[in-house]
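Undergrad: To be precise about what I am sending: the file is called coords.pdb and holds PDB, C-alpha atoms.
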ATOM      1  CA  MET A   7      -3.369 -17.382  10.473
ATOM      2  CA  GLU A   8      -1.842 -17.674  13.921
ATOM      3  CA  GLU A   9       0.339 -20.629  14.842
ATOM      4  CA  THR A  10      -1.149 -23.275  17.106
ATOM      5  CA  ASN A  11       0.492 -24.346  20.349
ATOM      6  CA  ARG A  12       1.643 -27.566  18.684
ATOM      7  CA  GLN A  13       3.340 -25.631  15.881
ATOM      8  CA  LYS A  14       5.068 -23.373  18.414
ATOM      9  CA  LYS A  15       6.306 -26.339  20.465
ATOM     10  CA  ILE A  16       7.669 -28.139  17.410
ATOM     11  CA  ALA A  17       9.315 -24.930  16.196
ATOM     12  CA  GLY A  18      10.980 -24.530  19.602
ATOM     13  CA  VAL A  19      12.274 -28.110  19.612
ATOM     14  CA  LEU A  20      13.589 -27.756  16.061
ATOM     15  CA  GLN A  21      15.225 -24.418  16.809
ATOM     16  CA  LYS A  22      17.010 -25.724  19.905
ATOM     17  CA  ASP A  23      18.337 -28.844  18.186
ATOM     18  CA  LEU A  24      19.206 -27.089  14.921
ATOM     19  CA  VAL A  25      21.440 -24.671  16.810
ATOM     20  CA  ASP A  26      23.447 -27.609  18.172
ATOM     21  CA  VAL A  27      23.715 -29.338  14.786
ATOM     22  CA  LEU A  28      24.701 -26.175  12.912
ATOM     23  CA  GLN A  29      27.197 -25.029  15.554
ATOM     24  CA  LYS A  30      28.884 -28.423  15.414
ATOM     25  CA  ALA A  31      29.070 -28.216  11.609
ATOM     26  CA  ALA A  32      30.413 -24.649  11.786
ATOM     27  CA  GLN A  33      33.154 -25.706  14.222
ATOM     28  CA  ASP A  34      34.180 -28.573  11.967
ATOM     29  CA  GLY A  35      34.317 -26.742   8.654
ATOM     30  CA  MET A  36      33.998 -22.975   9.008
ATOM     31  CA  LYS A  37      36.289 -21.262  11.494
ATOM     32  CA  GLY A  38      35.300 -17.758  12.539
ATOM     33  CA  VAL A  39      31.653 -18.067  11.483
ATOM     34  CA  LEU A  40      28.767 -17.861  13.931
ATOM     35  CA  ILE A  41      25.492 -19.409  12.784
ATOM     36  CA  SER A  42      22.358 -18.985  14.861
ATOM     37  CA  VAL A  43      18.762 -19.930  14.180
ATOM     38  CA  SER A  44      16.756 -16.740  14.548
ATOM     39  CA  LYS A  45      13.315 -18.097  13.714
ATOM     40  CA  VAL A  46      11.534 -21.328  12.774
ATOM     41  CA  HIS A  47       8.046 -21.402  11.237
ATOM     42  CA  VAL A  48       6.235 -24.739  10.951
ATOM     43  CA  THR A  49       3.320 -25.127   8.527
ATOM     44  CA  SER A  50      -0.095 -26.165   9.826
ATOM     45  CA  ASP A  51       0.282 -29.730   8.493
ATOM     46  CA  LEU A  52       3.670 -29.964  10.302
ATOM     47  CA  GLY A  53       5.268 -31.072   7.035
ATOM     48  CA  VAL A  54       7.527 -28.097   6.310
ATOM     49  CA  ALA A  55       9.699 -25.991   8.606
ATOM     50  CA  LYS A  56      11.097 -22.680   7.359
ATOM     51  CA  VAL A  57      14.362 -21.996   9.162
ATOM     52  CA  TYR A  58      15.844 -18.489   9.209
ATOM     53  CA  LEU A  59      19.604 -18.373   9.824
ATOM     54  CA  SER A  60      21.413 -15.368  11.235
ATOM     55  CA  ILE A  61      25.060 -15.525  10.181
ATOM     56  CA  PHE A  62      27.969 -13.457  11.476
ATOM     57  CA  PRO A  63      29.995 -12.116   9.715
ATOM     58  CA  SER A  64      27.383 -11.412   7.082
ATOM     59  CA  GLU A  65      29.732 -10.833   4.115
ATOM     60  CA  ASN A  66      29.427 -14.399   2.824
ATOM     61  CA  ARG A  67      25.902 -15.120   4.089
ATOM     62  CA  SER A  68      24.559 -16.312   0.744
ATOM     63  CA  GLU A  69      27.428 -18.792   0.288
ATOM     64  CA  ILE A  70      26.914 -20.236   3.767
ATOM     65  CA  VAL A  71      23.139 -20.515   3.284
ATOM     66  CA  LYS A  72      23.721 -22.303  -0.034
ATOM     67  CA  GLY A  73      26.142 -24.662   1.735
ATOM     68  CA  VAL A  74      23.569 -25.396   4.430
ATOM     69  CA  GLN A  75      20.882 -25.922   1.768
ATOM     70  CA  SER A  76      23.100 -28.394  -0.069
ATOM     71  CA  ASN A  77      23.504 -30.384   3.166
ATOM     72  CA  THR A  78      19.791 -30.352   4.040
ATOM     73  CA  ALA A  79      19.452 -34.146   3.806
ATOM     74  CA  THR A  80      22.299 -34.707   6.276
ATOM     75  CA  ILE A  81      20.969 -32.055   8.656
ATOM     76  CA  ARG A  82      17.451 -33.505   8.452
ATOM     77  CA  TYR A  83      18.797 -37.000   9.199
ATOM     78  CA  GLU A  84      20.756 -35.701  12.202
ATOM     79  CA  MET A  85      17.682 -33.821  13.424
ATOM     80  CA  ALA A  86      15.487 -36.918  13.030
ATOM     81  CA  LYS A  87      17.912 -38.877  15.222
ATOM     82  CA  ARG A  88      17.814 -36.159  17.887
ATOM     83  CA  THR A  89      14.026 -35.701  17.892
ATOM     84  CA  ARG A  90      12.881 -39.279  17.330
ATOM     85  CA  ASN A  91      11.198 -39.454  20.752
ATOM     86  CA  GLN A  92       9.450 -36.099  20.309
ATOM     87  CA  LEU A  93       8.310 -36.086  16.667
ATOM     88  CA  ARG A  94       6.697 -38.820  14.599
ATOM     89  CA  ARG A  95       7.775 -37.325  11.328
ATOM     90  CA  MET A  96      10.619 -34.921  10.670
ATOM     91  CA  PRO A  97       9.392 -31.902   8.685
ATOM     92  CA  GLU A  98      11.115 -30.897   5.470
ATOM     93  CA  LEU A  99      13.635 -28.149   6.270
ATOM     94  CA  LEU A 100      13.854 -25.010   4.134
ATOM     95  CA  PHE A 101      16.747 -22.675   4.992
ATOM     96  CA  PHE A 102      16.775 -18.907   4.437
ATOM     97  CA  GLY A 103      19.218 -16.175   5.384
ATOM     98  CA  ASP A 104      17.884 -13.686   7.933
ATOM     99  CA  ASP A 105      18.811 -10.082   7.140
ATOM    100  CA  THR A 106      17.017  -8.514  10.114
ATOM    101  CA  LEU A 107      20.207  -7.370  11.858
ATOM    102  CA  ASP A 108      21.549  -5.719   8.696
ATOM    103  CA  TYR A 109      18.209  -4.008   8.153
ATOM    104  CA  LEU A 110      18.146  -2.699  11.734
ATOM    105  CA  GLU A 111      21.735  -1.494  11.407
ATOM    106  CA  GLU A 112      20.871   0.489   8.267
ATOM    107  CA  ILE A 113      17.863   2.053  10.000
ATOM    108  CA  ASP A 114      20.045   2.939  12.990
ATOM    109  CA  LYS A 115      22.607   4.592  10.693
ATOM    110  CA  SER A 116      19.838   6.570   9.002
ATOM    111  CA  LEU A 117      18.447   7.735  12.334
ATOM    112  CA  ASN A 118      21.827   8.663  13.846
ATOM    113  CA  GLY A 119      23.366  10.547  10.964
ATOM    114  CA  GLY A 120      22.747  11.848   7.548
ATOM    115  CA  ASP A 121      21.519  14.970   5.873
ATOM    116  CA  GLU A 122      17.829  14.212   5.813
ATOM    117  CA  ASP A 123      15.541  13.437   8.715
ATOM    118  CA  PRO A 124      14.057   9.966   8.121
ATOM    119  CA  ILE A 125      11.065  10.757  10.306
ATOM    120  CA  LYS A 126      10.048  13.670   8.093
ATOM    121  CA  ASN A 127      11.041  11.888   4.877
ATOM    122  CA  PRO A 128      10.521   8.096   5.236
ATOM    123  CA  GLU A 129      11.782   7.537   1.677
ATOM    124  CA  VAL A 130      15.357   7.840   3.007
ATOM    125  CA  LEU A 131      15.034   4.652   5.069
ATOM    126  CA  PRO A 132      16.200   1.441   3.411
ATOM    127  CA  ARG A 133      13.599  -1.034   2.226
ATOM    128  CA  ARG A 134      13.743  -4.573   3.480
ATOM    129  CA  LYS A 135      14.340  -7.321   0.951
ATOM    130  CA  ARG A 136      11.734 -10.064   1.049
TER     131      ARG A 136
END
I'd like the structure from this file rewritten - as structure tokens, please.
TA:
Amino acid sequence: MEETNRQKKIAGVLQKDLVDVLQKAAQDGMKGVLISVSKVHVTSDLGVAKVYLSIFPSENRSEIVKGVQSNTATIRYEMAKRTRNQLRRMPELLFFGDDTLDYLEEIDKSLNGGDEDPIKNPEVLPRRKR
């Protein structure tokens, strides 16, 4: 089902403010780590927001996502303070790591080099983890 305009607007507001909150947290505790919010999906009842984080460097992505997940209550409180004039109720935040850039990089490597042609043999291309 396609997102409504309301869902898209709330997702945009959450994405913009989450970037600020997470960048501030990254500056305080994690030097040399860039965290960006690549996508936010809000459910139709506006009760849950799925947040996809793109993290650079990606070596310790799972550790950083777990750290963000453990601080979800603090992040949600900070977000509620920032969006109190725009949202009645702050949605529950669920954080996931976004592996899109890694996936695209692997596809690019497969297309640029290698013994087999991935267009003729699509089995050579990496499969995306869901």
Undergrad: Decode the PyMOL selection byres ((chain A and resi 99) around 8) for the given file into explicit residues and return them as a list in words.
TA: Val54, Ala55, Lys56, Val57, Thr78, Arg82, Pro97, Glu98, Leu100 and Phe101 of chain A
Undergrad: Quote the spacing between CA of Ile41 in chain A and CA of Pro63 in chain A in Å to one decimal place.
TA: 9.1 Å
Undergrad: Pick from A:Asn127, A:Thr80, A:Ser42, A:Asn91: nearest to Arg67 in chain A, with all atoms listed in the file counted?
TA: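 Counting all atoms listed in the file, the residue closest to Arg67 in chain A is A:Ser42.
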Undergrad: I'd like to see the residues matched by the PyMOL selection byres ((chain A and resi 38) around 12) on this file, and ideally I'd get them as a PyMOL selection string.
TA: chain A and resi 29+32-37+39-41+61-64+66
Undergrad: Take the PyMOL selection byres ((chain A and resi 44) around 9), run it mentally on this structure, and tell me the resulting residues as an MDAnalysis selection string.
TA: chainID A and resid 21 42:43 45:46 57:60 104
Undergrad: When you draw a straight line from CA of Leu52 in chain A to CA of Asn11 in chain A, how long is it in Å?
TA: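 Going from CA of Leu52 in chain A over to CA of Asn11 in chain A, I get 11.9 Å.
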Undergrad: Which value, in Å to one decimal, gives the distance between CA of Val48 in chain A and CA of Tyr109 in chain A?
TA: 24.1 Å
Undergrad: Compare A:Leu107, A:Lys126, A:Ser50, A:Lys30 by their minimum atom-to-atom distance to Ala17 in chain A, counting only C-alpha atoms, and give me the closest one.
TA: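 When distances to Ala17 in chain A are compared using only C-alpha atoms, the smallest one comes from A:Ser50.
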Undergrad: Name the residues in contact with Leu93 in chain A at a cut-off of 12 Å, using all atoms listed in the file, excluding same-chain residues fewer than 2 positions from it; report them as a ChimeraX atom specification.
TA: /A:12-13,15-17,19-20,52-53,85-91,95-97
Undergrad: Check the smallest atom-to-atom distance from each of A:Gln75, A:Ile81, A:Glu9, A:Gly103 to Val27 in chain A using only C-alpha atoms, then report the winner.
TA: A:Ile81
Undergrad: Let me make sure I understand: among A:Glu129, A:Thr10, A:Phe102, A:Asp114, which one has the smallest atom-to-atom distance to Ser68 in chain A if we use all atoms listed in the file?
TA: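 Using all atoms listed in the file, Ser68 in chain A sits closest to A:Phe102.
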